[in-house]
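Peer 1: Sharing coords_14.cif, mmCIF, C-alpha atoms and all ligand atoms; chains and numbers go by the auth columns:
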```cif
data_input
loop_
_atom_site.group_PDB
_atom_site.id
_atom_site.type_symbol
_atom_site.label_atom_id
_atom_site.label_comp_id
_atom_site.label_asym_id
_atom_site.label_seq_id
_atom_site.Cartn_x
_atom_site.Cartn_y
_atom_site.Cartn_z
_atom_site.B_iso_or_equiv
_atom_site.auth_seq_id
_atom_site.auth_asym_id
ATOM 1 C CA MET A 1 113.216 98.855 33.609 0.00 2 A
ATOM 2 C CA ASN A 2 112.024 95.559 35.097 0.00 3 A
ATOM 3 C CA ILE A 3 113.029 94.231 38.468 0.00 4 A
ATOM 4 C CA ASN A 4 115.708 91.907 37.049 0.00 5 A
ATOM 5 C CA ASP A 5 117.416 94.797 35.284 0.00 6 A
ATOM 6 C CA LEU A 6 117.313 96.742 38.509 0.00 7 A
ATOM 7 C CA TYR A 7 118.843 93.837 40.448 0.00 8 A
ATOM 8 C CA LYS A 8 121.569 93.460 37.824 0.00 9 A
ATOM 9 C CA ARG A 9 122.439 97.141 38.158 0.00 10 A
ATOM 10 C CA VAL A 10 122.550 96.895 41.938 0.00 11 A
ATOM 11 C CA ILE A 11 124.914 93.896 41.757 0.00 12 A
ATOM 12 C CA LEU A 12 127.228 95.518 39.200 0.00 13 A
ATOM 13 C CA ASP A 13 127.306 98.758 41.175 0.00 14 A
ATOM 14 C CA HIS A 14 128.417 96.924 44.335 0.00 15 A
ATOM 15 C CA ALA A 15 131.020 94.942 42.370 0.00 16 A
ATOM 16 C CA LYS A 16 132.472 98.101 40.834 0.00 17 A
ATOM 17 C CA ASN A 17 132.136 100.468 43.787 0.00 18 A
ATOM 18 C CA ARG A 18 132.758 98.144 46.699 0.00 19 A
ATOM 19 C CA ARG A 19 131.501 99.468 50.012 0.00 20 A
ATOM 20 C CA ASN A 20 133.745 99.087 53.062 0.00 21 A
ATOM 21 C CA HIS A 21 136.603 97.806 50.873 0.00 22 A
ATOM 22 C CA ARG A 22 139.593 98.733 53.005 0.00 23 A
ATOM 23 C CA GLU A 23 142.303 97.256 55.187 0.00 24 A
ATOM 24 C CA THR A 24 142.495 98.330 58.779 0.00 25 A
ATOM 25 C CA ASP A 25 144.854 97.878 61.734 0.00 26 A
ATOM 26 C CA CYS A 26 142.038 98.422 64.169 0.00 27 A
ATOM 27 C CA TYR A 27 139.915 95.311 64.661 0.00 28 A
ATOM 28 C CA THR A 28 139.031 92.609 67.135 0.00 29 A
ATOM 29 C CA HIS A 29 138.531 89.836 64.587 0.00 30 A
ATOM 30 C CA LYS A 30 140.115 89.024 61.247 0.00 31 A
ATOM 31 C CA VAL A 31 139.816 86.132 58.834 0.00 32 A
ATOM 32 C CA HIS A 32 141.232 85.067 55.470 0.00 33 A
ATOM 33 C CA TYR A 33 138.739 83.193 53.386 0.00 34 A
ATOM 34 C CA LYS A 34 139.021 81.387 50.068 0.00 35 A
ATOM 35 C CA ASN A 35 136.022 80.248 48.083 0.00 36 A
ATOM 36 C CA PRO A 36 136.738 76.586 47.321 0.00 37 A
ATOM 37 C CA THR A 37 134.739 76.569 44.083 0.00 38 A
ATOM 38 C CA CYS A 38 135.650 79.816 42.310 0.00 39 A
ATOM 39 C CA GLY A 39 139.013 80.939 43.664 0.00 40 A
ATOM 40 C CA ASP A 40 137.641 84.150 45.166 0.00 41 A
ATOM 41 C CA VAL A 41 139.678 85.372 48.136 0.00 42 A
ATOM 42 C CA MET A 42 138.992 87.872 50.860 0.00 43 A
ATOM 43 C CA THR A 43 140.216 89.161 54.192 0.00 44 A
ATOM 44 C CA MET A 44 137.505 90.427 56.519 0.00 45 A
ATOM 45 C CA TYR A 45 138.114 92.731 59.488 0.00 46 A
ATOM 46 C CA ALA A 46 135.604 93.301 62.269 0.00 47 A
ATOM 47 C CA THR A 47 135.401 95.262 65.463 0.00 48 A
ATOM 48 C CA ILE A 48 132.932 93.466 67.687 0.00 49 A
ATOM 49 C CA LYS A 49 132.030 94.794 71.118 0.00 50 A
ATOM 50 C CA ALA A 50 129.398 93.291 73.420 0.00 51 A
ATOM 51 C CA ASN A 51 128.147 91.097 70.562 0.00 52 A
ATOM 52 C CA LYS A 52 127.562 94.097 68.327 0.00 53 A
ATOM 53 C CA ILE A 53 129.429 94.714 65.075 0.00 54 A
ATOM 54 C CA GLU A 54 130.856 98.200 65.447 0.00 55 A
ATOM 55 C CA ASP A 55 132.878 98.138 62.238 0.00 56 A
ATOM 56 C CA LEU A 56 133.319 95.767 59.328 0.00 57 A
ATOM 57 C CA SER A 57 135.436 95.912 56.193 0.00 58 A
ATOM 58 C CA PHE A 58 137.078 93.636 53.667 0.00 59 A
ATOM 59 C CA VAL A 59 139.645 93.449 50.915 0.00 60 A
ATOM 60 C CA GLY A 60 139.385 90.838 48.243 0.00 61 A
ATOM 61 C CA GLU A 61 139.674 89.728 44.666 0.00 62 A
ATOM 62 C CA GLY A 62 137.344 87.513 42.767 0.00 63 A
ATOM 63 C CA CYS A 63 134.329 87.262 40.530 0.00 64 A
ATOM 64 C CA PHE A 64 131.826 90.081 40.543 0.00 65 A
ATOM 65 C CA ILE A 65 129.208 88.017 42.426 0.00 66 A
ATOM 66 C CA SER A 66 131.517 87.395 45.381 0.00 67 A
ATOM 67 C CA MET A 67 132.739 90.990 45.501 0.00 68 A
ATOM 68 C CA ALA A 68 129.215 92.423 45.180 0.00 69 A
ATOM 69 C CA SER A 69 127.949 90.081 47.878 0.00 70 A
ATOM 70 C CA SER A 70 130.819 91.070 50.202 0.00 71 A
ATOM 71 C CA SER A 71 130.144 94.757 49.637 0.00 72 A
ATOM 72 C CA MET A 72 126.446 94.245 50.397 0.00 73 A
ATOM 73 C CA PHE A 73 127.161 92.113 53.455 0.00 74 A
ATOM 74 C CA THR A 74 129.495 94.625 55.083 0.00 75 A
ATOM 75 C CA ASN A 75 126.855 97.299 54.563 0.00 76 A
ATOM 76 C CA ILE A 76 124.050 95.424 56.270 0.00 77 A
ATOM 77 C CA ALA A 77 126.052 93.735 59.026 0.00 78 A
ATOM 78 C CA LYS A 78 127.515 96.928 60.465 0.00 79 A
ATOM 79 C CA LYS A 79 125.793 98.054 63.662 0.00 80 A
ATOM 80 C CA LYS A 80 123.856 94.799 63.933 0.00 81 A
ATOM 81 C CA THR A 81 124.229 92.175 66.648 0.00 82 A
ATOM 82 C CA ILE A 82 125.716 88.754 66.014 0.00 83 A
ATOM 83 C CA ALA A 83 122.304 87.205 66.770 0.00 84 A
ATOM 84 C CA GLU A 84 120.710 89.339 64.050 0.00 85 A
ATOM 85 C CA ILE A 85 123.360 88.338 61.522 0.00 86 A
ATOM 86 C CA GLU A 86 122.822 84.683 62.376 0.00 87 A
ATOM 87 C CA GLU A 87 119.102 85.156 61.800 0.00 88 A
ATOM 88 C CA LEU A 88 119.677 86.901 58.459 0.00 89 A
ATOM 89 C CA SER A 89 122.217 84.270 57.471 0.00 90 A
ATOM 90 C CA ILE A 90 119.513 81.595 57.631 0.00 91 A
ATOM 91 C CA LEU A 91 117.272 83.658 55.331 0.00 92 A
ATOM 92 C CA MET A 92 120.142 84.359 52.942 0.00 93 A
ATOM 93 C CA LYS A 93 121.117 80.680 52.699 0.00 94 A
ATOM 94 C CA ASP A 94 117.472 79.747 52.151 0.00 95 A
ATOM 95 C CA MET A 95 117.187 82.282 49.345 0.00 96 A
ATOM 96 C CA ILE A 96 120.350 81.126 47.556 0.00 97 A
ATOM 97 C CA LEU A 97 120.189 77.380 48.174 0.00 98 A
ATOM 98 C CA THR A 98 116.429 76.727 47.952 0.00 99 A
ATOM 99 C CA GLY A 99 115.279 79.708 45.899 0.00 100 A
ATOM 100 C CA LYS A 100 112.855 80.777 48.610 0.00 101 A
ATOM 101 C CA ALA A 101 111.671 84.367 48.213 0.00 102 A
ATOM 102 C CA VAL A 102 112.650 86.630 51.091 0.00 103 A
ATOM 103 C CA ASP A 103 111.030 89.908 51.998 0.00 104 A
ATOM 104 C CA ASP A 104 112.990 90.792 55.123 0.00 105 A
ATOM 105 C CA LEU A 105 114.062 94.352 54.387 0.00 106 A
ATOM 106 C CA ARG A 106 117.053 94.010 56.698 0.00 107 A
ATOM 107 C CA LEU A 107 118.690 92.025 53.884 0.00 108 A
ATOM 108 C CA GLU A 108 118.669 95.251 51.826 0.00 109 A
ATOM 109 C CA ASP A 109 120.577 94.922 48.524 0.00 110 A
ATOM 110 C CA THR A 110 121.453 91.251 49.053 0.00 111 A
ATOM 111 C CA ILE A 111 117.895 90.448 47.944 0.00 112 A
ATOM 112 C CA SER A 112 119.106 91.243 44.418 0.00 113 A
ATOM 113 C CA LEU A 113 121.241 88.050 44.548 0.00 114 A
ATOM 114 C CA GLY A 114 118.160 85.793 44.691 0.00 115 A
ATOM 115 C CA ASP A 115 118.521 84.671 41.069 0.00 116 A
ATOM 116 C CA ILE A 116 121.870 83.060 41.888 0.00 117 A
ATOM 117 C CA HIS A 117 119.721 80.139 43.002 0.00 118 A
ATOM 118 C CA LYS A 118 119.545 79.174 39.308 0.00 119 A
ATOM 119 C CA PHE A 119 123.360 78.886 39.144 0.00 120 A
ATOM 120 C CA PRO A 120 124.587 76.250 41.643 0.00 121 A
ATOM 121 C CA ALA A 121 128.226 76.801 40.640 0.00 122 A
ATOM 122 C CA ARG A 122 127.883 80.330 42.057 0.00 123 A
ATOM 123 C CA TYR A 123 126.316 79.466 45.426 0.00 124 A
ATOM 124 C CA ASN A 124 129.632 79.793 47.263 0.00 125 A
ATOM 125 C CA CYS A 125 130.323 83.124 45.555 0.00 126 A
ATOM 126 C CA ALA A 126 127.048 84.616 46.778 0.00 127 A
ATOM 127 C CA LEU A 127 127.475 83.169 50.267 0.00 128 A
ATOM 128 C CA MET A 128 131.189 83.943 50.616 0.00 129 A
ATOM 129 C CA PRO A 129 131.018 86.867 53.081 0.00 130 A
ATOM 130 C CA TRP A 130 128.417 85.047 55.178 0.00 131 A
ATOM 131 C CA GLN A 131 130.635 81.963 55.401 0.00 132 A
ATOM 132 C CA ALA A 132 133.691 84.113 56.039 0.00 133 A
ATOM 133 C CA PHE A 133 131.883 85.876 58.878 0.00 134 A
ATOM 134 C CA GLU A 134 131.029 82.556 60.556 0.00 135 A
ATOM 135 C CA LYS A 135 134.698 81.656 60.441 0.00 136 A
ATOM 136 C CA LEU A 136 135.702 85.139 61.623 0.00 137 A
ATOM 137 C CA LEU A 137 133.667 84.783 64.818 0.00 138 A
ATOM 138 C CA LYS A 138 135.976 81.974 65.894 0.00 139 A
ATOM 139 C CA ASN A 139 139.030 84.171 65.255 0.00 140 A
ATOM 140 C CA ARG A 140 139.335 86.740 67.997 0.00 141 A
ATOM 141 C CA GLU A 141 142.784 88.293 67.587 0.00 142 A
ATOM 142 C CA LYS A 142 143.093 91.147 70.036 0.00 143 A
HETATM 143 ZN ZN ZN B . 133.126 83.545 42.497 0.00 201 A
#
```
In structure tokens, what does this structure look like?
Ligand code: ZN
Peer 2:
Amino acid sequence: MNINDLYKRVILDHAKNRRNHRETDCYTHKVHYKNPTCGDVMTMYATIKANKIEDLSFVGEGCFISMASSSMFTNIAKKKTIAEIEELSILMKDMILTGKAVDDLRLEDTISLGDIHKFPARYNCALMPWQAFEKLLKNREK
């Protein structure tokens, strides 16, 4: 198995078995987000205390790239600080938009989305949870 096959398997696994895919009544922040280019939709829930993400989940429907990316994002963002996510967000955008290779292991499975750089129509799908999270931070509800 080469690395591209491995990445494909990782992406399909996240799309099929979405991590942290659940609604919750217990959150400090919530956002609805719609991908303008593909029609993917999601609602993201977060519990953020002292700038740290204590819990994070989402429900959504859309293409397998957006759902896989959301599953991966919720996995890595949990228990991190907002500053760390902002740092990782820059790396993630660089990887998708410019095709720059990243080796920051904190990105975990999202590294498997690097090839999306070759498919500009899918940029917003891969970046959806990252963009949703930026919007979520402005949406304190409780
Ligand atoms: Zn999509």
Peer 1: List the spatial neighbours of Ser113 in chain A as a list in words - criterion: any atom at most 8 Å away, only C-alpha atoms, same-chain residues fewer than 3 positions off excluded.
Peer 2: Tyr8, Lys9, Val11, Ile12, Asp110 and Asp116 of chain A
Peer 1: Collect all residues with atoms no farther than 12 Å from ligand ZN 201 (chain A), counting only C-alpha atoms and all ligand atoms, and output them as number ranges by chain.
Peer 2: A: 16, 35-43, 61-71, 117, 120-130
Peer 1: Kindly save the residues from that selection, with C-alpha atoms included, as a short mmCIF file (atom, residue, chain, number, x, y, z; two decimals), in the frame of the given file.
Peer 2:
```
data_model
loop_
_atom_site.label_atom_id
_atom_site.label_comp_id
_atom_site.auth_asym_id
_atom_site.auth_seq_id
_atom_site.Cartn_x
_atom_site.Cartn_y
_atom_site.Cartn_z
CA ALA A 16 131.02 94.94 42.37
CA LYS A 35 139.02 81.39 50.07
CA ASN A 36 136.02 80.25 48.08
CA PRO A 37 136.74 76.59 47.32
CA THR A 38 134.74 76.57 44.08
CA CYS A 39 135.65 79.82 42.31
CA GLY A 40 139.01 80.94 43.66
CA ASP A 41 137.64 84.15 45.17
CA VAL A 42 139.68 85.37 48.14
CA MET A 43 138.99 87.87 50.86
CA GLY A 61 139.38 90.84 48.24
CA GLU A 62 139.67 89.73 44.67
CA GLY A 63 137.34 87.51 42.77
CA CYS A 64 134.33 87.26 40.53
CA PHE A 65 131.83 90.08 40.54
CA ILE A 66 129.21 88.02 42.43
CA SER A 67 131.52 87.40 45.38
CA MET A 68 132.74 90.99 45.50
CA ALA A 69 129.22 92.42 45.18
CA SER A 70 127.95 90.08 47.88
CA SER A 71 130.82 91.07 50.20
CA ILE A 117 121.87 83.06 41.89
CA PHE A 120 123.36 78.89 39.14
CA PRO A 121 124.59 76.25 41.64
CA ALA A 122 128.23 76.80 40.64
CA ARG A 123 127.88 80.33 42.06
CA TYR A 124 126.32 79.47 45.43
CA ASN A 125 129.63 79.79 47.26
CA CYS A 126 130.32 83.12 45.56
CA ALA A 127 127.05 84.62 46.78
CA LEU A 128 127.48 83.17 50.27
CA MET A 129 131.19 83.94 50.62
CA PRO A 130 131.02 86.87 53.08
#
```
Peer 1: In terms of the shortest atom-to-atom distance over all atoms listed in the file, which of A:Cys27, A:Leu114, A:Met45, A:Ala51 is closest to Thr75 in chain A?
Peer 2: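 With all atoms listed in the file as the atom set, the closest residue is A:Met45.
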Peer 1: Find the residue from A:Glu85, A:Ser72, A:Lys119, A:Trp131 that sits nearest to Asp105 in chain A; use only C-alpha atoms when measuring.
Peer 2: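 Of the candidates, the smallest distance to Asp105 in chain A is held by A:Glu85.
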Peer 1: So the first atom is CA of Val60 in chain A and the second is CA of Leu138 in chain A; what is the distance between them in Å, to one decimal place?
Peer 2: 17.4 Å
Peer 1: Would you fill the gaps in range 75-95 of chain A so it has N, CA and C atoms, then print it as a PDB file, keeping the file's coordinate frame?
Peer 2:
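Final output, selection.pdb:
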```
ATOM      1  N   THR A  75     128.876  93.717  54.121  1.00  0.00           N
ATOM      2  CA  THR A  75     129.495  94.625  55.083  1.00  0.00           C
ATOM      3  C   THR A  75     128.569  95.808  55.367  1.00  0.00           C
ATOM      4  N   ASN A  76     127.821  96.217  54.348  1.00  0.00           N
ATOM      5  CA  ASN A  76     126.855  97.299  54.563  1.00  0.00           C
ATOM      6  C   ASN A  76     125.772  96.924  55.567  1.00  0.00           C
ATOM      7  N   ILE A  77     125.196  95.744  55.413  1.00  0.00           N
ATOM      8  CA  ILE A  77     124.050  95.424  56.270  1.00  0.00           C
ATOM      9  C   ILE A  77     124.475  94.924  57.650  1.00  0.00           C
ATOM     10  N   ALA A  78     125.674  94.342  57.745  1.00  0.00           N
ATOM     11  CA  ALA A  78     126.052  93.735  59.026  1.00  0.00           C
ATOM     12  C   ALA A  78     126.517  94.770  60.045  1.00  0.00           C
ATOM     13  N   LYS A  79     127.019  95.893  59.554  1.00  0.00           N
ATOM     14  CA  LYS A  79     127.515  96.928  60.465  1.00  0.00           C
ATOM     15  C   LYS A  79     126.398  97.413  61.369  1.00  0.00           C
ATOM     16  N   LYS A  80     126.715  97.550  62.631  1.00  0.00           N
ATOM     17  CA  LYS A  80     125.793  98.054  63.662  1.00  0.00           C
ATOM     18  C   LYS A  80     124.714  97.039  64.052  1.00  0.00           C
ATOM     19  N   LYS A  81     124.801  95.826  63.497  1.00  0.00           N
ATOM     20  CA  LYS A  81     123.856  94.799  63.933  1.00  0.00           C
ATOM     21  C   LYS A  81     124.514  93.901  64.989  1.00  0.00           C
ATOM     22  N   THR A  82     123.681  93.102  65.664  1.00  0.00           N
ATOM     23  CA  THR A  82     124.229  92.175  66.648  1.00  0.00           C
ATOM     24  C   THR A  82     124.544  90.853  65.942  1.00  0.00           C
ATOM     25  N   ILE A  83     125.372  90.054  66.584  1.00  0.00           N
ATOM     26  CA  ILE A  83     125.716  88.754  66.014  1.00  0.00           C
ATOM     27  C   ILE A  83     124.458  87.900  65.868  1.00  0.00           C
ATOM     28  N   ALA A  84     123.551  87.984  66.843  1.00  0.00           N
ATOM     29  CA  ALA A  84     122.304  87.205  66.770  1.00  0.00           C
ATOM     30  C   ALA A  84     121.484  87.600  65.540  1.00  0.00           C
ATOM     31  N   GLU A  85     121.446  88.886  65.239  1.00  0.00           N
ATOM     32  CA  GLU A  85     120.710  89.339  64.050  1.00  0.00           C
ATOM     33  C   GLU A  85     121.336  88.806  62.764  1.00  0.00           C
ATOM     34  N   ILE A  86     122.671  88.829  62.720  1.00  0.00           N
ATOM     35  CA  ILE A  86     123.360  88.338  61.522  1.00  0.00           C
ATOM     36  C   ILE A  86     123.103  86.842  61.349  1.00  0.00           C
ATOM     37  N   GLU A  87     123.078  86.123  62.464  1.00  0.00           N
ATOM     38  CA  GLU A  87     122.822  84.683  62.376  1.00  0.00           C
ATOM     39  C   GLU A  87     121.409  84.427  61.848  1.00  0.00           C
ATOM     40  N   GLU A  88     120.486  85.264  62.270  1.00  0.00           N
ATOM     41  CA  GLU A  88     119.102  85.156  61.800  1.00  0.00           C
ATOM     42  C   GLU A  88     119.032  85.455  60.284  1.00  0.00           C
ATOM     43  N   LEU A  89     119.688  86.525  59.875  1.00  0.00           N
ATOM     44  CA  LEU A  89     119.677  86.901  58.459  1.00  0.00           C
ATOM     45  C   LEU A  89     120.415  85.878  57.602  1.00  0.00           C
ATOM     46  N   SER A  90     121.438  85.269  58.191  1.00  0.00           N
ATOM     47  CA  SER A  90     122.217  84.270  57.471  1.00  0.00           C
ATOM     48  C   SER A  90     121.347  83.077  57.066  1.00  0.00           C
ATOM     49  N   ILE A  91     120.422  82.706  57.946  1.00  0.00           N
ATOM     50  CA  ILE A  91     119.513  81.595  57.631  1.00  0.00           C
ATOM     51  C   ILE A  91     118.621  81.965  56.440  1.00  0.00           C
ATOM     52  N   LEU A  92     118.118  83.190  56.442  1.00  0.00           N
ATOM     53  CA  LEU A  92     117.272  83.658  55.331  1.00  0.00           C
ATOM     54  C   LEU A  92     118.059  83.709  54.024  1.00  0.00           C
ATOM     55  N   MET A  93     119.289  84.224  54.127  1.00  0.00           N
ATOM     56  CA  MET A  93     120.142  84.359  52.942  1.00  0.00           C
ATOM     57  C   MET A  93     120.449  82.987  52.333  1.00  0.00           C
ATOM     58  N   LYS A  94     120.810  82.029  53.195  1.00  0.00           N
ATOM     59  CA  LYS A  94     121.117  80.680  52.699  1.00  0.00           C
ATOM     60  C   LYS A  94     119.881  80.048  52.081  1.00  0.00           C
ATOM     61  N   ASP A  95     118.731  80.252  52.694  1.00  0.00           N
ATOM     62  CA  ASP A  95     117.472  79.747  52.151  1.00  0.00           C
ATOM     63  C   ASP A  95     117.224  80.312  50.760  1.00  0.00           C
TER      64      ASP A  95
END
```
